[in-house]
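Undergrad: Data: protein-v2.cif, mmCIF, C-alpha atoms.
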data_coords
loop_
_atom_site.label_atom_id
_atom_site.label_comp_id
_atom_site.auth_asym_id
_atom_site.auth_seq_id
_atom_site.Cartn_x
_atom_site.Cartn_y
_atom_site.Cartn_z
CA MET A 1 228.16 91.02 150.41
CA ASN A 2 225.64 88.82 148.70
CA ARG A 3 222.29 90.65 148.28
CA ASN A 4 220.43 87.34 148.34
CA ALA A 5 222.00 86.10 151.57
CA ASN A 6 218.72 86.58 153.42
CA HIS A 7 216.58 85.04 150.66
CA LYS A 8 216.05 81.35 150.10
CA PRO A 9 216.34 80.09 146.55
CA ALA A 10 212.91 79.73 144.89
CA ALA A 11 212.96 75.90 144.98
CA ALA A 12 213.85 75.82 148.68
CA GLU A 13 211.17 78.41 149.47
CA LYS A 14 208.55 76.40 147.57
CA ALA A 15 209.57 73.20 149.37
CA ALA A 16 209.29 74.98 152.75
CA GLU A 17 205.80 76.27 151.84
CA GLU A 18 204.70 72.78 150.79
CA LYS A 19 206.05 71.33 154.06
CA ASP A 20 204.20 74.02 156.03
CA ALA A 21 200.98 73.23 154.14
CA LYS A 22 201.38 69.49 154.76
CA ASP A 23 202.06 70.08 158.47
CA LEU A 24 199.02 72.37 158.66
CA TRP A 25 196.72 69.50 157.61
CA LEU A 26 198.61 67.00 159.75
CA ASP A 27 198.32 69.06 162.95
CA PRO A 28 195.18 67.94 164.81
CA GLN A 29 194.50 71.54 165.83
CA THR A 30 194.33 72.76 162.22
CA SER A 31 192.82 69.74 160.46
CA ALA A 32 189.07 70.16 159.93
CA GLY A 33 188.66 66.41 159.57
CA TYR A 34 190.46 65.67 162.82
CA LEU A 35 188.60 68.37 164.75
CA VAL A 36 185.21 67.21 163.45
CA ARG A 37 186.06 63.58 164.30
CA ASP A 38 187.35 64.48 167.76
CA THR A 39 184.25 66.56 168.45
CA HIS A 40 181.98 63.78 167.16
CA LEU A 41 183.67 61.31 169.52
CA ALA A 42 183.09 63.66 172.47
CA PHE A 43 179.40 64.03 171.55
CA ALA A 44 179.05 60.26 171.08
CA LYS A 45 180.68 59.54 174.45
CA ALA A 46 178.34 61.94 176.26
CA LEU A 47 175.26 60.57 174.48
CA ARG A 48 176.29 56.95 175.02
CA ALA A 49 176.60 57.54 178.78
CA ARG A 50 173.08 58.98 178.96
CA LEU A 51 171.52 56.35 176.70
CA GLN A 52 172.88 53.53 178.86
CA GLN A 53 170.40 54.62 181.54
CA HIS A 54 167.67 53.52 179.11
CA ASP A 55 169.38 50.30 177.93
CA MET A 56 169.85 52.00 174.56
CA THR A 57 172.82 52.24 172.18
CA THR A 58 173.58 55.30 170.07
CA GLY A 59 172.76 53.29 166.93
CA GLN A 60 169.34 52.37 168.30
CA TYR A 61 168.76 56.02 169.27
CA PHE A 62 169.47 57.20 165.71
CA PHE A 63 166.87 54.78 164.34
CA LEU A 64 164.29 55.89 166.89
CA ARG A 65 165.05 59.55 166.15
CA ALA A 66 164.40 58.98 162.45
CA LEU A 67 161.12 57.24 163.29
CA TRP A 68 160.07 60.06 165.64
CA ILE A 69 160.35 62.32 162.61
CA GLU A 70 158.46 59.93 160.32
CA GLU A 71 156.98 56.53 161.08
CA GLY A 72 156.17 53.82 158.58
CA LEU A 73 159.45 54.06 156.69
CA SER A 74 160.68 51.02 154.85
CA GLN A 75 163.84 49.44 156.21
CA ARG A 76 165.61 50.62 153.04
CA GLU A 77 164.50 54.24 153.56
CA LEU A 78 165.34 54.06 157.26
CA SER A 79 168.83 52.84 156.32
CA ARG A 80 169.25 55.76 153.95
CA ARG A 81 168.12 58.33 156.50
CA VAL A 82 170.30 56.99 159.29
CA GLY A 83 173.27 56.30 157.01
CA THR A 84 173.64 52.59 157.65
CA THR A 85 173.59 49.47 155.55
CA GLU A 86 170.36 47.52 155.16
CA PRO A 87 171.68 44.47 157.08
CA THR A 88 172.64 46.78 159.98
CA THR A 89 169.15 48.28 159.95
CA ALA A 90 167.49 44.85 159.82
CA SER A 91 169.56 43.71 162.81
CA ALA A 92 168.78 46.86 164.78
CA MET A 93 165.07 46.51 164.00
CA ARG A 94 165.08 42.95 165.37
CA VAL A 95 166.59 44.25 168.63
CA LEU A 96 164.22 47.22 168.86
CA ASP A 97 161.30 44.89 168.11
CA LYS A 98 162.37 42.53 170.93
CA LYS A 99 162.60 45.54 173.26
CA GLY A 100 159.04 46.42 172.33
CA LEU A 101 159.99 49.79 170.80
CA VAL A 102 159.08 49.17 167.15
CA ARG A 103 156.91 46.84 165.14
CA ARG A 104 157.74 45.61 161.69
CA VAL A 105 154.82 45.38 159.30
CA ARG A 106 154.86 43.69 155.91
CA ASN A 107 153.81 46.22 153.25
CA THR A 108 150.49 45.18 151.69
CA GLY A 109 151.40 46.71 148.32
CA ASP A 110 154.84 45.09 148.13
CA ARG A 111 155.29 41.96 150.26
CA ARG A 112 159.10 42.27 149.98
CA THR A 113 159.01 45.58 151.85
CA VAL A 114 158.87 45.87 155.64
CA ASN A 115 157.67 49.14 157.12
CA ILE A 116 158.71 50.20 160.61
CA PHE A 117 156.34 51.75 163.14
CA LEU A 118 156.93 52.85 166.71
CA THR A 119 155.08 51.24 169.57
CA ASP A 120 153.62 53.37 172.34
CA ARG A 121 156.71 52.50 174.37
CA GLY A 122 159.00 53.64 171.52
CA ARG A 123 157.08 56.91 171.22
CA GLY A 124 157.22 57.29 174.99
CA LEU A 125 161.03 57.43 175.01
CA ARG A 126 161.06 60.47 172.74
CA GLY A 127 160.89 63.14 175.44
CA ALA A 128 163.55 61.66 177.71
CA LEU A 129 166.01 60.78 174.96
CA LEU A 130 165.65 64.06 173.11
CA ALA A 131 166.14 65.88 176.43
CA HIS A 132 169.51 64.12 176.75
CA ALA A 133 170.49 65.18 173.22
CA ARG A 134 169.33 68.75 173.89
CA ASP A 135 171.30 68.91 177.15
CA ILE A 136 174.46 67.60 175.48
CA ASN A 137 174.14 70.13 172.65
CA ARG A 138 173.57 72.95 175.15
CA ALA A 139 176.59 71.89 177.20
CA ALA A 140 178.73 71.75 174.07
CA ALA A 141 177.54 75.19 172.94
CA GLY A 142 178.33 76.64 176.35
CA ASP A 143 178.54 80.41 176.09
CA ILE A 144 178.96 80.53 172.33
CA ALA A 145 176.73 83.25 170.88
CA ALA A 146 173.81 82.11 168.71
CA VAL A 147 175.19 83.97 165.70
CA GLU A 148 178.51 82.13 166.09
CA LEU A 149 176.74 78.77 166.36
CA ASP A 150 174.73 79.55 163.24
CA ARG A 151 177.97 80.36 161.42
CA ALA A 152 179.55 77.13 162.67
CA PHE A 153 176.53 75.14 161.43
CA ASP A 154 176.80 76.85 158.03
CA ILE A 155 180.50 75.98 157.85
CA LEU A 156 179.88 72.33 158.80
CA ARG A 157 177.11 72.03 156.19
CA THR A 158 179.46 73.55 153.59
CA LEU A 159 182.26 71.12 154.50
CA LYS A 160 179.85 68.20 154.11
CA ARG A 161 178.39 69.53 150.85
CA ASN A 162 181.89 70.01 149.43
CA LEU A 163 182.74 66.40 150.24
CA ASP A 164 179.38 65.12 148.96
CA ASP A 165 179.95 67.03 145.72
CA GLY A 166 183.16 65.10 145.11
CA ALA A 167 185.79 67.43 146.52
CA GLY A 168 187.06 64.59 148.69
#
What is this structure when it is put down as structure tokens?
TA:
Amino acid sequence: MNRNANHKPAAAEKAAEEKDAKDLWLDPQTSAGYLVRDTHLAFAKALRARLQQHDMTTGQYFFLRALWIEEGLSQRELSRRVGTTEPTTASAMRVLDKKGLVRRVRNTGDRRTVNIFLTDRGRGLRGALLAHARDINRAAAGDIAAVELDRAFDILRTLKRNLDDGAG
């Protein structure tokens, strides 16, 4: 009887392990990237449905949210904070200006720079729109314990930091 009958040769075993590892990252239930994307899409869908009640897109909401934190940002800085290109920001600002939610002011120190300020109407949406975001986050958290959520947030920040640091 062959003592190695129950053992795969080393090369075959290594190939099986590599296949298992590849399948692990391919499986949507074990791929961090897929799970984060899928979760993001669910959040975006829920937020989009609520924002439609206010004639607002998710992109417009993200710009307003950044301005609720700090007004007077340049379009360039607003682009950086929201994570969009400058032409996208300029286009969104035109729309938000037409809706009476922001005003664009030429910077007196640098005429090439446009600073963005909220109007009273733009400030007035803060409570209602943030309530929608809060409700969606609460619904998503469900009965997850605070300590578990904190751990999940730490893990997500670490995943992002790893990718920002060039691991991706």
Undergrad: What would the selection look like, as a PyMOL selection string, if the PyMOL selection byres ((chain A and resi 110-127) around 12) were run on the coordinates I just shared?
TA: chain A and resi 51+53-56+60-79+86+89-90+92-94+96-109+128-134
Undergrad: From the set A:Ala10, A:Thr58, A:Ile136, A:Val36, which residue has the shortest atom-to-atom contact distance to Arg157 in chain A, counting all atoms listed in the file?
TA: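 Selected residue with least distance to Arg157 in chain A: A:Val36.
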Undergrad: Might I get the box with edges along x, y and z of the file that holds all atoms of range 58-76 of chain A listed there, padded by 5 Å on every side, given as centre and edge lengths in Å to one decimal, as AutoDock Vina command-line options?
TA:
--center_x 164.9 --center_y 55.9 --center_z 161.6 --size_x 27.4 --size_y 22.9 --size_z 27.0
Undergrad: Quick check, in Å to one decimal: how far apart do CA of Arg81 in chain A and CA of Lys160 in chain A lie?
TA: 15.5 Å
Undergrad: Quick check, in Å to one decimal: how far apart do CA of Thr85 in chain A and CA of Ala152 in chain A lie?
TA: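 So the two atoms, CA of Thr85 in chain A and CA of Ala152 in chain A, lie 29.2 Å apart.
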Undergrad: In Å to one decimal, how far is CA of Ala141 in chain A from CA of Lys45 in chain A?
TA: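 About the pair CA of Lys45 in chain A and CA of Ala141 in chain A: they are 16.0 Å apart.
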